[in-house]
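Source file protein23.tsv; content: TSV, C-alpha atoms.
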chain	number	residue	atom	x	y	z
A	1482	MET	CA	19.55	1.97	17.83
A	1483	PRO	CA	17.88	1.19	14.46
A	1484	ILE	CA	14.18	0.44	14.53
A	1485	ASP	CA	13.09	-3.20	14.27
A	1486	LYS	CA	10.68	-2.74	11.36
A	1487	LYS	CA	9.09	-6.14	11.70
A	1488	GLN	CA	8.35	-5.65	15.39
A	1489	PHE	CA	7.03	-2.16	14.70
A	1490	TRP	CA	4.42	-3.58	12.33
A	1491	GLU	CA	3.60	-6.58	14.51
A	1492	ASP	CA	2.73	-4.11	17.27
A	1493	LYS	CA	0.89	-1.64	15.05
A	1494	ILE	CA	-0.81	-3.20	12.04
A	1495	ILE	CA	-3.95	-4.83	13.47
A	1496	GLY	CA	-5.01	-1.82	15.52
A	1497	TRP	CA	-4.14	0.54	12.66
A	1498	GLU	CA	-6.23	-1.47	10.19
A	1499	ASP	CA	-9.18	-1.64	12.56
A	1500	ILE	CA	-9.15	2.13	12.91
A	1501	ARG	CA	-8.43	3.07	9.29
A	1502	TYR	CA	-10.38	0.42	7.35
A	1503	LYS	CA	-12.92	-1.14	9.69
A	1504	ARG	CA	-13.80	2.29	11.07
A	1505	ASP	CA	-13.44	1.20	14.69
A	1506	THR	CA	-13.13	4.61	16.33
A	1507	THR	CA	-13.30	3.44	19.93
A	1508	ASN	CA	-9.55	3.87	20.42
A	1509	PHE	CA	-9.24	7.28	18.75
A	1510	ASN	CA	-7.51	10.03	20.69
A	1511	ILE	CA	-8.45	13.66	20.15
A	1512	PHE	CA	-5.89	14.21	17.40
A	1513	GLU	CA	-6.87	11.01	15.56
A	1514	ASN	CA	-10.50	12.09	15.64
A	1515	PHE	CA	-9.49	15.34	13.99
A	1516	VAL	CA	-7.43	13.54	11.35
A	1517	ASN	CA	-10.31	11.11	10.71
A	1518	ARG	CA	-12.80	13.91	10.16
A	1519	THR	CA	-10.58	15.75	7.70
A	1520	ASN	CA	-9.12	12.81	5.78
A	1521	LYS	CA	-10.78	9.63	4.50
A	1522	THR	CA	-8.12	9.10	1.87
A	1523	LEU	CA	-7.15	5.54	2.77
A	1524	ILE	CA	-10.58	4.05	2.11
A	1525	TYR	CA	-10.88	6.07	-1.09
A	1526	ARG	CA	-7.42	4.82	-2.11
A	1527	LEU	CA	-8.43	1.22	-1.43
A	1528	ASN	CA	-11.62	1.53	-3.46
A	1529	THR	CA	-9.87	3.37	-6.28
A	1530	ALA	CA	-7.17	0.70	-6.58
A	1531	PHE	CA	-9.86	-1.93	-7.03
A	1532	LYS	CA	-11.74	0.25	-9.50
A	1533	ILE	CA	-8.57	0.61	-11.59
A	1534	LEU	CA	-7.73	-3.09	-11.49
A	1535	LYS	CA	-11.21	-4.55	-11.90
A	1536	PRO	CA	-11.41	-4.39	-15.74
A	1537	LEU	CA	-7.99	-6.07	-15.95
A	1538	LEU	CA	-8.44	-8.99	-13.58
A	1539	LYS	CA	-9.97	-11.73	-15.73
A	1540	ASP	CA	-7.74	-14.83	-15.58
A	1541	LYS	CA	-4.79	-12.79	-14.32
A	1542	LYS	CA	-2.32	-13.47	-11.51
A	1543	ILE	CA	-2.36	-10.59	-9.03
A	1544	VAL	CA	0.19	-9.84	-6.32
A	1545	GLU	CA	-0.13	-7.23	-3.58
A	1546	LEU	CA	2.96	-6.04	-1.71
A	1547	GLY	CA	2.28	-4.88	1.83
A	1548	CYS	CA	-1.16	-6.47	1.79
A	1549	GLY	CA	-1.85	-6.29	5.52
A	1550	SER	CA	-4.95	-8.39	6.16
A	1551	GLY	CA	-5.74	-8.60	2.45
A	1552	PHE	CA	-8.88	-6.48	2.36
A	1553	LEU	CA	-9.02	-6.51	-1.46
A	1554	ALA	CA	-8.41	-10.23	-1.92
A	1555	GLU	CA	-12.07	-11.28	-1.98
A	1556	LYS	CA	-13.09	-8.59	-4.47
A	1557	ILE	CA	-10.15	-9.43	-6.74
A	1558	ILE	CA	-10.90	-13.16	-6.72
A	1559	ASN	CA	-14.63	-12.66	-7.21
A	1560	SER	CA	-13.91	-10.38	-10.18
A	1561	GLY	CA	-12.30	-13.23	-12.08
A	1562	ALA	CA	-8.63	-13.17	-11.16
A	1563	LYS	CA	-6.82	-16.48	-11.63
A	1564	SER	CA	-5.06	-15.96	-8.31
A	1565	TYR	CA	-4.26	-13.39	-5.66
A	1566	THR	CA	-1.09	-13.49	-3.57
A	1567	GLY	CA	-0.41	-11.10	-0.71
A	1568	TYR	CA	2.89	-10.40	1.02
A	1569	ASP	CA	3.40	-8.47	4.23
A	1570	ILE	CA	6.15	-8.10	6.81
A	1571	SER	CA	3.69	-8.73	9.66
A	1572	GLU	CA	2.91	-12.31	10.61
A	1573	LYS	CA	-0.12	-11.11	12.57
A	1574	ALA	CA	-1.60	-9.46	9.48
A	1575	ILE	CA	-0.89	-12.52	7.34
A	1576	SER	CA	-2.46	-14.80	9.94
A	1577	ARG	CA	-5.63	-12.71	9.89
A	1578	ALA	CA	-5.59	-12.58	6.07
A	1579	ILE	CA	-5.42	-16.39	5.90
A	1580	HIS	CA	-8.28	-16.66	8.39
A	1581	ILE	CA	-10.43	-14.23	6.38
A	1582	SER	CA	-9.68	-16.03	3.10
A	1583	LYS	CA	-10.87	-19.31	4.60
A	1584	GLU	CA	-13.94	-17.64	6.04
A	1585	LYS	CA	-14.76	-16.12	2.63
A	1586	LYS	CA	-13.98	-19.44	0.91
A	1587	ILE	CA	-11.40	-17.95	-1.45
A	1588	ASN	CA	-8.37	-19.77	-0.02
A	1589	ASP	CA	-8.20	-22.03	-3.07
A	1590	ARG	CA	-7.10	-19.04	-5.14
A	1591	ALA	CA	-5.75	-16.63	-2.50
A	1592	ALA	CA	-2.44	-17.14	-0.70
A	1593	PHE	CA	-0.59	-15.03	1.86
A	1594	PHE	CA	3.03	-14.96	2.99
A	1595	ALA	CA	4.88	-13.11	5.75
A	1596	LYS	CA	7.99	-11.73	4.09
A	1597	ALA	CA	9.93	-8.49	4.10
A	1598	ILE	CA	10.57	-6.95	0.69
A	1599	LYS	CA	14.29	-7.74	0.76
A	1600	GLU	CA	13.52	-11.43	1.43
A	1601	MET	CA	11.50	-11.75	-1.77
A	1602	LYS	CA	12.74	-13.04	-5.13
A	1603	ASP	CA	11.39	-12.47	-8.64
A	1604	ILE	CA	7.59	-12.30	-8.68
A	1605	ASP	CA	5.49	-14.23	-11.17
A	1606	ALA	CA	2.40	-12.10	-11.76
A	1607	ASP	CA	0.49	-10.23	-14.43
A	1608	TYR	CA	-0.15	-7.25	-12.15
A	1609	ILE	CA	1.64	-6.17	-8.98
A	1610	PHE	CA	0.21	-3.42	-6.80
A	1611	SER	CA	0.81	-1.76	-3.46
A	1612	LEU	CA	-1.04	0.80	-1.38
A	1613	GLY	CA	1.36	2.98	0.59
A	1614	THR	CA	4.02	0.29	0.98
A	1615	THR	CA	6.61	2.46	-0.76
A	1616	ASP	CA	6.20	5.06	1.99
A	1617	TRP	CA	7.88	2.73	4.49
A	1618	LEU	CA	10.81	1.48	2.40
A	1619	ASP	CA	14.38	2.74	2.41
A	1620	ASP	CA	16.15	3.24	-0.90
A	1621	ASP	CA	17.61	-0.28	-1.01
A	1622	GLU	CA	14.22	-1.85	-0.29
A	1623	LEU	CA	12.54	0.37	-2.83
A	1624	ASP	CA	15.06	-0.56	-5.51
A	1625	HIS	CA	14.63	-4.27	-4.72
A	1626	MET	CA	10.85	-3.98	-4.90
A	1627	PHE	CA	10.98	-2.71	-8.46
A	1628	TYR	CA	13.65	-5.23	-9.41
A	1629	ILE	CA	11.53	-8.21	-8.36
A	1630	SER	CA	8.48	-6.60	-10.02
A	1631	ARG	CA	10.16	-6.06	-13.39
A	1632	ASN	CA	8.28	-8.83	-15.22
A	1633	SER	CA	4.82	-7.47	-14.41
A	1634	GLU	CA	2.63	-4.45	-14.88
A	1635	ASN	CA	2.85	-2.22	-11.81
A	1636	LEU	CA	0.39	-0.02	-9.90
A	1637	HIS	CA	1.57	1.70	-6.73
A	1638	SER	CA	0.13	4.42	-4.56
A	1639	ILE	CA	2.74	6.74	-3.07
A	1640	SER	CA	2.67	9.73	-0.79
A	1641	GLU	CA	3.67	12.48	-3.18
A	1642	ASP	CA	6.02	15.13	-1.86
A	1643	ARG	CA	3.97	18.32	-1.82
A	1644	ASN	CA	3.96	21.51	0.21
A	1645	SER	CA	0.35	21.25	1.32
A	1646	PHE	CA	-1.51	21.69	4.58
A	1647	PRO	CA	-2.76	18.06	4.69
A	1648	GLN	CA	0.80	16.82	4.27
A	1649	LEU	CA	2.12	19.14	6.99
A	1650	LEU	CA	-0.67	17.88	9.25
A	1651	HIS	CA	0.23	14.28	8.40
A	1652	LYS	CA	3.91	14.87	9.19
A	1653	LEU	CA	2.99	16.35	12.55
A	1654	TYR	CA	0.62	13.49	13.32
A	1655	VAL	CA	3.09	10.70	12.55
A	1656	PHE	CA	5.89	12.43	14.45
A	1657	LEU	CA	3.78	12.93	17.57
A	1658	SER	CA	2.20	9.47	17.35
A	1659	TYR	CA	5.32	7.38	16.86
A	1660	GLY	CA	8.12	9.11	14.97
A	1661	ARG	CA	9.66	10.61	18.09
A	1662	LYS	CA	9.71	7.15	19.72
A	1663	THR	CA	11.03	5.12	16.78
A	1664	ASP	CA	14.22	6.85	15.69
A	1665	LYS	CA	12.18	8.81	13.12
A	1666	TYR	CA	10.73	5.73	11.41
A	1667	VAL	CA	7.93	7.55	9.60
A	1668	PRO	CA	6.41	7.51	6.09
A	1669	ARG	CA	8.42	8.93	3.22
A	1670	TYR	CA	7.16	11.37	0.58
A	1671	TYR	CA	8.34	11.01	-3.01
A	1672	LYS	CA	8.52	13.01	-6.19
A	1673	THR	CA	6.79	10.92	-8.85
A	1674	GLN	CA	9.92	11.18	-10.98
A	1675	LYS	CA	11.88	9.13	-8.45
A	1676	ILE	CA	9.37	6.28	-8.72
A	1677	SER	CA	9.19	6.59	-12.50
A	1678	ASN	CA	12.98	6.39	-12.75
A	1679	LEU	CA	13.05	3.21	-10.69
A	1680	ILE	CA	10.36	1.63	-12.82
A	1681	LYS	CA	12.19	2.55	-16.01
A	1682	LYS	CA	15.46	1.24	-14.57
A	1683	TYR	CA	14.08	-2.30	-14.56
A	1684	LEU	CA	10.96	-2.31	-16.75
A	1685	ASP	CA	11.88	0.19	-19.46
A	1686	LYS	CA	8.25	1.30	-19.68
A	1687	PRO	CA	6.54	4.69	-19.62
A	1688	THR	CA	4.73	5.57	-16.42
A	1689	PHE	CA	1.41	7.26	-15.76
A	1690	ASN	CA	0.22	9.25	-12.75
A	1691	TYR	CA	-3.27	9.53	-11.35
A	1692	ARG	CA	-4.22	12.13	-8.76
A	1693	ASN	CA	-7.53	12.97	-7.12
A	1694	LYS	CA	-8.21	15.53	-4.40
A	1695	LYS	CA	-10.00	12.85	-2.39
A	1696	MET	CA	-6.63	11.13	-1.96
A	1697	SER	CA	-5.09	14.33	-0.62
A	1698	PHE	CA	-1.36	13.98	-1.41
A	1699	GLY	CA	-1.67	10.34	-2.46
A	1700	THR	CA	-0.83	9.53	-6.09
A	1701	PHE	CA	-1.03	6.35	-8.16
A	1702	VAL	CA	1.94	5.58	-10.40
A	1703	SER	CA	1.39	2.84	-12.98
A	1704	THR	CA	3.03	1.19	-15.98
A	1705	PHE	CA	-0.27	1.18	-17.85
A	1706	GLU	CA	-2.81	3.79	-18.78
A	1707	ILE	CA	-5.86	3.77	-16.58
A	1708	GLU	CA	-8.76	3.37	-18.99
A	1709	GLU	CA	-11.13	5.75	-17.27
A	1710	TYR	CA	-8.56	8.52	-17.07
A	1711	LYS	CA	-6.95	8.41	-20.54

Would you mind writing the file out in structure tokens?
Amino acid sequence: MPIDKKQFWEDKIIGWEDIRYKRDTTNFNIFENFVNRTNKTLIYRLNTAFKILKPLLKDKKIVELGCGSGFLAEKIINSGAKSYTGYDISEKAISRAIHISKEKKINDRAAFFAKAIKEMKDIDADYIFSLGTTDWLDDDELDHMFYISRNSENLHSISEDRNSFPQLLHKLYVFLSYGRKTDKYVPRYYKTQKISNLIKKYLDKPTFNYRNKKMSFGTFVSTFEIEEYK
């Protein structure tokens, strides 16, 4: 029986965010403790995405796909963005994102919507970004994501397909944690060329890749040169 993706994320997202971003380690099992000690890539990825976008934000409309609880929304708004809009499949994550935006008093310029990628239509934004969202999309969803993003500059972090020990460890972790219980619904790993080809299919723009060992096998693919790394 196919996995109900929405229900999967409703059950998982809040606890996963609390562990990975808020550093709440109270619910770690032995294997998660090991993974946490050897890999802090998600927080580095989050901070790097903001570092890349920050010089570009002034008076721009920003959209995040797979925003979860919108942990970058406040920084983006406070750095001069005209607006920030976050989309996520999980209603629980969106509910928390809305609550946080009101608490931080940015809800006049930050909006959040619970929608799956395939439910979305053309996006009106200057910059669209995602952090790991591509890892959880099938080919049809991935194609649709780049179609609706074709009128904007794009920045996406992907899990790059590499034969490395951290990636082998990650594959083992996700399989043991939930893959064996969810009809193998686990993250995907991509060659950067696949993502570049999809971008070019709809945007007809060159693409640029940014790698850093602190992101392990994570890679940013963008439609613009990253100033610091030219």

Excluding Gln1488 in chain A and any residue of its chain fewer than 6 positions from it, enumerate the residues within 12 Å of it, using only C-alpha atoms, and give them as a list of chain:residue names.
A:Ile1494, A:Ile1570, A:Ser1571, A:Glu1572, A:Lys1573, A:Ala1597, A:Thr1663

Would you please work out which residue, of A:Asp1607, A:Ile1495, A:Lys1583, A:Ile1676, is nearest to Phe1627 in chain A when using all atoms listed in the file?
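Closest residue, counting all atoms listed in the file: A:Ile1676.
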
Can you tell me, as a PyMOL selection string, what residues are no more than 7 Å from range 1599-1604 of chain A when counting only C-alpha atoms, ignoring any on the same chain fewer than 2 positions away?
chain A and resi 1596-1597+1606+1622+1625+1629-1630

Considering only C-alpha atoms, can you say which of A:Ser1576, A:Gln1648, A:Ser1611, A:Asn1635 comes closest to Cys1548 in chain A?
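So, comparing all the options, the nearest one is A:Ser1611.
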
Which residue, A:Leu1618, A:Arg1643, A:Lys1487, A:Asn1693, has the smallest gap to Pro1668 in chain A when you use all atoms listed in the file?
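Of the candidates, the smallest distance to Pro1668 in chain A is held by A:Leu1618.
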
Tell me which residues come within 7 Å of (-2.6, 10.7, -3.9), as an mmCIF file with C-alpha atoms, in the frame of the given file, counting all atoms listed in the file in the file's coordinates.
data_model
loop_
_atom_site.group_PDB
_atom_site.id
_atom_site.type_symbol
_atom_site.label_atom_id
_atom_site.label_comp_id
_atom_site.auth_asym_id
_atom_site.auth_seq_id
_atom_site.Cartn_x
_atom_site.Cartn_y
_atom_site.Cartn_z
ATOM 1 C CA SER A 1638 0.130 4.420 -4.560
ATOM 2 C CA ILE A 1639 2.740 6.740 -3.070
ATOM 3 C CA SER A 1640 2.670 9.730 -0.790
ATOM 4 C CA GLU A 1641 3.670 12.480 -3.180
ATOM 5 C CA ARG A 1692 -4.220 12.130 -8.760
ATOM 6 C CA ASN A 1693 -7.530 12.970 -7.120
ATOM 7 C CA MET A 1696 -6.630 11.130 -1.960
ATOM 8 C CA SER A 1697 -5.090 14.330 -0.620
ATOM 9 C CA PHE A 1698 -1.360 13.980 -1.410
ATOM 10 C CA GLY A 1699 -1.670 10.340 -2.460
ATOM 11 C CA THR A 1700 -0.830 9.530 -6.090
ATOM 12 C CA PHE A 1701 -1.030 6.350 -8.160
#

Using CA of Gly1496 in chain A and CA of Asn1559 in chain A as the two end points, give the distance in Å to one decimal.
27.0 Å

Between CA of Ala1562 in chain A and CA of Ala1574 in chain A - distance in Å to one decimal:
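Going from CA of Ala1574 in chain A over to CA of Ala1562 in chain A, I get 22.1 Å.
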
Two-atom distance - CA of Lys1695 in chain A, CA of Leu1523 in chain A (Å):
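Value for the CA of Lys1695 in chain A-CA of Leu1523 in chain A distance: 9.4 Å.
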
Nearest candidate to Leu1612 in chain A (options A:Ile1500, A:Leu1537, A:Ile1587, A:Val1544; using only C-alpha atoms)
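Using only C-alpha atoms, Leu1612 in chain A sits closest to A:Val1544.
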
Selected residue of minimal separation from Arg1669 in chain A among A:Lys1521, A:His1651, A:Lys1556, A:Lys1686, counting all atoms listed in the file
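Of the candidates, the smallest distance to Arg1669 in chain A is held by A:His1651.
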
Could you give me, as a list in words, the residues within 7 Å of Tyr1568 in chain A, counting all atoms listed in the file and dropping anything in the same chain fewer than 4 positions from it?
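That gives Glu1545, Leu1546, Gly1547, Cys1548, Phe1593, Phe1594, Ala1595 and Lys1596 of chain A.
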
Find the residue from A:Phe1705, A:Phe1552, A:Tyr1628, A:Tyr1654 that sits nearest to Ile1680 in chain A; use only C-alpha atoms when measuring.
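Counting only C-alpha atoms, the residue closest to Ile1680 in chain A is A:Tyr1628.
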
Have range 1678-1689 of chain A completed to all heavy atoms, please, and pass it along as a short mmCIF file (atom, residue, chain, number, x, y, z; two decimals), in the coordinates of the input.
data_model
loop_
_atom_site.label_atom_id
_atom_site.label_comp_id
_atom_site.auth_asym_id
_atom_site.auth_seq_id
_atom_site.Cartn_x
_atom_site.Cartn_y
_atom_site.Cartn_z
N ASN A 1678 11.61 6.76 -12.39
CA ASN A 1678 12.98 6.39 -12.75
C ASN A 1678 13.31 4.97 -12.31
O ASN A 1678 14.01 4.23 -13.03
CB ASN A 1678 13.97 7.37 -12.12
CG ASN A 1678 13.94 8.73 -12.79
OD1 ASN A 1678 13.43 8.88 -13.90
ND2 ASN A 1678 14.49 9.73 -12.12
N LEU A 1679 12.81 4.57 -11.15
CA LEU A 1679 13.05 3.21 -10.69
C LEU A 1679 12.32 2.19 -11.56
O LEU A 1679 12.86 1.12 -11.87
CB LEU A 1679 12.61 3.06 -9.23
CG LEU A 1679 13.60 3.58 -8.18
CD1 LEU A 1679 12.94 3.61 -6.81
CD2 LEU A 1679 14.85 2.71 -8.15
N ILE A 1680 11.11 2.52 -11.94
CA ILE A 1680 10.36 1.63 -12.82
C ILE A 1680 11.08 1.48 -14.15
O ILE A 1680 11.28 0.37 -14.65
CB ILE A 1680 8.93 2.16 -13.03
CG1 ILE A 1680 8.11 2.00 -11.74
CG2 ILE A 1680 8.24 1.44 -14.19
CD1 ILE A 1680 6.73 2.62 -11.79
N LYS A 1681 11.52 2.59 -14.71
CA LYS A 1681 12.19 2.55 -16.01
C LYS A 1681 13.54 1.85 -15.92
O LYS A 1681 14.01 1.27 -16.91
CB LYS A 1681 12.35 3.97 -16.54
CG LYS A 1681 11.02 4.61 -16.94
CD LYS A 1681 11.19 6.07 -17.32
CE LYS A 1681 9.84 6.70 -17.63
NZ LYS A 1681 9.95 8.15 -17.92
N LYS A 1682 14.16 1.90 -14.77
CA LYS A 1682 15.46 1.24 -14.57
C LYS A 1682 15.36 -0.25 -14.84
O LYS A 1682 16.26 -0.87 -15.40
CB LYS A 1682 15.94 1.50 -13.15
CG LYS A 1682 17.25 0.81 -12.78
CD LYS A 1682 17.63 1.14 -11.35
CE LYS A 1682 18.90 0.42 -10.94
NZ LYS A 1682 19.27 0.73 -9.52
N TYR A 1683 14.23 -0.85 -14.44
CA TYR A 1683 14.08 -2.30 -14.56
C TYR A 1683 13.04 -2.73 -15.58
O TYR A 1683 13.12 -3.84 -16.12
CB TYR A 1683 13.73 -2.89 -13.19
CG TYR A 1683 14.84 -2.74 -12.18
CD1 TYR A 1683 14.67 -1.97 -11.04
CD2 TYR A 1683 16.08 -3.35 -12.39
CE1 TYR A 1683 15.69 -1.83 -10.12
CE2 TYR A 1683 17.11 -3.21 -11.47
CZ TYR A 1683 16.91 -2.45 -10.33
OH TYR A 1683 17.94 -2.31 -9.44
N LEU A 1684 12.03 -1.90 -15.85
CA LEU A 1684 10.96 -2.31 -16.75
C LEU A 1684 11.05 -1.67 -18.11
O LEU A 1684 10.45 -2.16 -19.07
CB LEU A 1684 9.59 -1.98 -16.14
CG LEU A 1684 9.04 -2.92 -15.07
CD1 LEU A 1684 9.75 -2.75 -13.74
CD2 LEU A 1684 7.56 -2.70 -14.89
N ASP A 1685 11.76 -0.54 -18.20
CA ASP A 1685 11.88 0.19 -19.46
C ASP A 1685 10.51 0.45 -20.07
O ASP A 1685 10.24 0.17 -21.24
CB ASP A 1685 12.77 -0.57 -20.45
CG ASP A 1685 13.15 0.29 -21.66
OD1 ASP A 1685 13.17 1.52 -21.50
OD2 ASP A 1685 13.40 -0.26 -22.74
N LYS A 1686 9.60 0.99 -19.22
CA LYS A 1686 8.25 1.30 -19.68
C LYS A 1686 7.90 2.73 -19.28
O LYS A 1686 8.42 3.26 -18.29
CB LYS A 1686 7.23 0.35 -19.02
CG LYS A 1686 7.23 -1.05 -19.56
CD LYS A 1686 6.08 -1.83 -18.96
CE LYS A 1686 5.98 -3.22 -19.58
NZ LYS A 1686 4.81 -3.95 -19.06
N PRO A 1687 7.03 3.37 -20.05
CA PRO A 1687 6.54 4.69 -19.62
C PRO A 1687 5.69 4.54 -18.37
O PRO A 1687 5.18 3.45 -18.08
CB PRO A 1687 5.70 5.16 -20.81
CG PRO A 1687 5.25 3.89 -21.47
CD PRO A 1687 6.40 2.91 -21.29
N THR A 1688 5.55 5.60 -17.63
CA THR A 1688 4.73 5.57 -16.42
C THR A 1688 3.62 6.62 -16.52
O THR A 1688 3.74 7.60 -17.25
CB THR A 1688 5.57 5.83 -15.16
OG1 THR A 1688 6.23 7.09 -15.28
CG2 THR A 1688 6.59 4.73 -14.95
N PHE A 1689 2.57 6.37 -15.77
CA PHE A 1689 1.41 7.26 -15.76
C PHE A 1689 1.03 7.58 -14.33
O PHE A 1689 1.11 6.72 -13.45
CB PHE A 1689 0.24 6.58 -16.49
CG PHE A 1689 0.60 6.12 -17.88
CD1 PHE A 1689 1.10 4.83 -18.08
CD2 PHE A 1689 0.44 6.95 -18.97
CE1 PHE A 1689 1.44 4.39 -19.35
CE2 PHE A 1689 0.77 6.52 -20.25
CZ PHE A 1689 1.28 5.24 -20.44
#
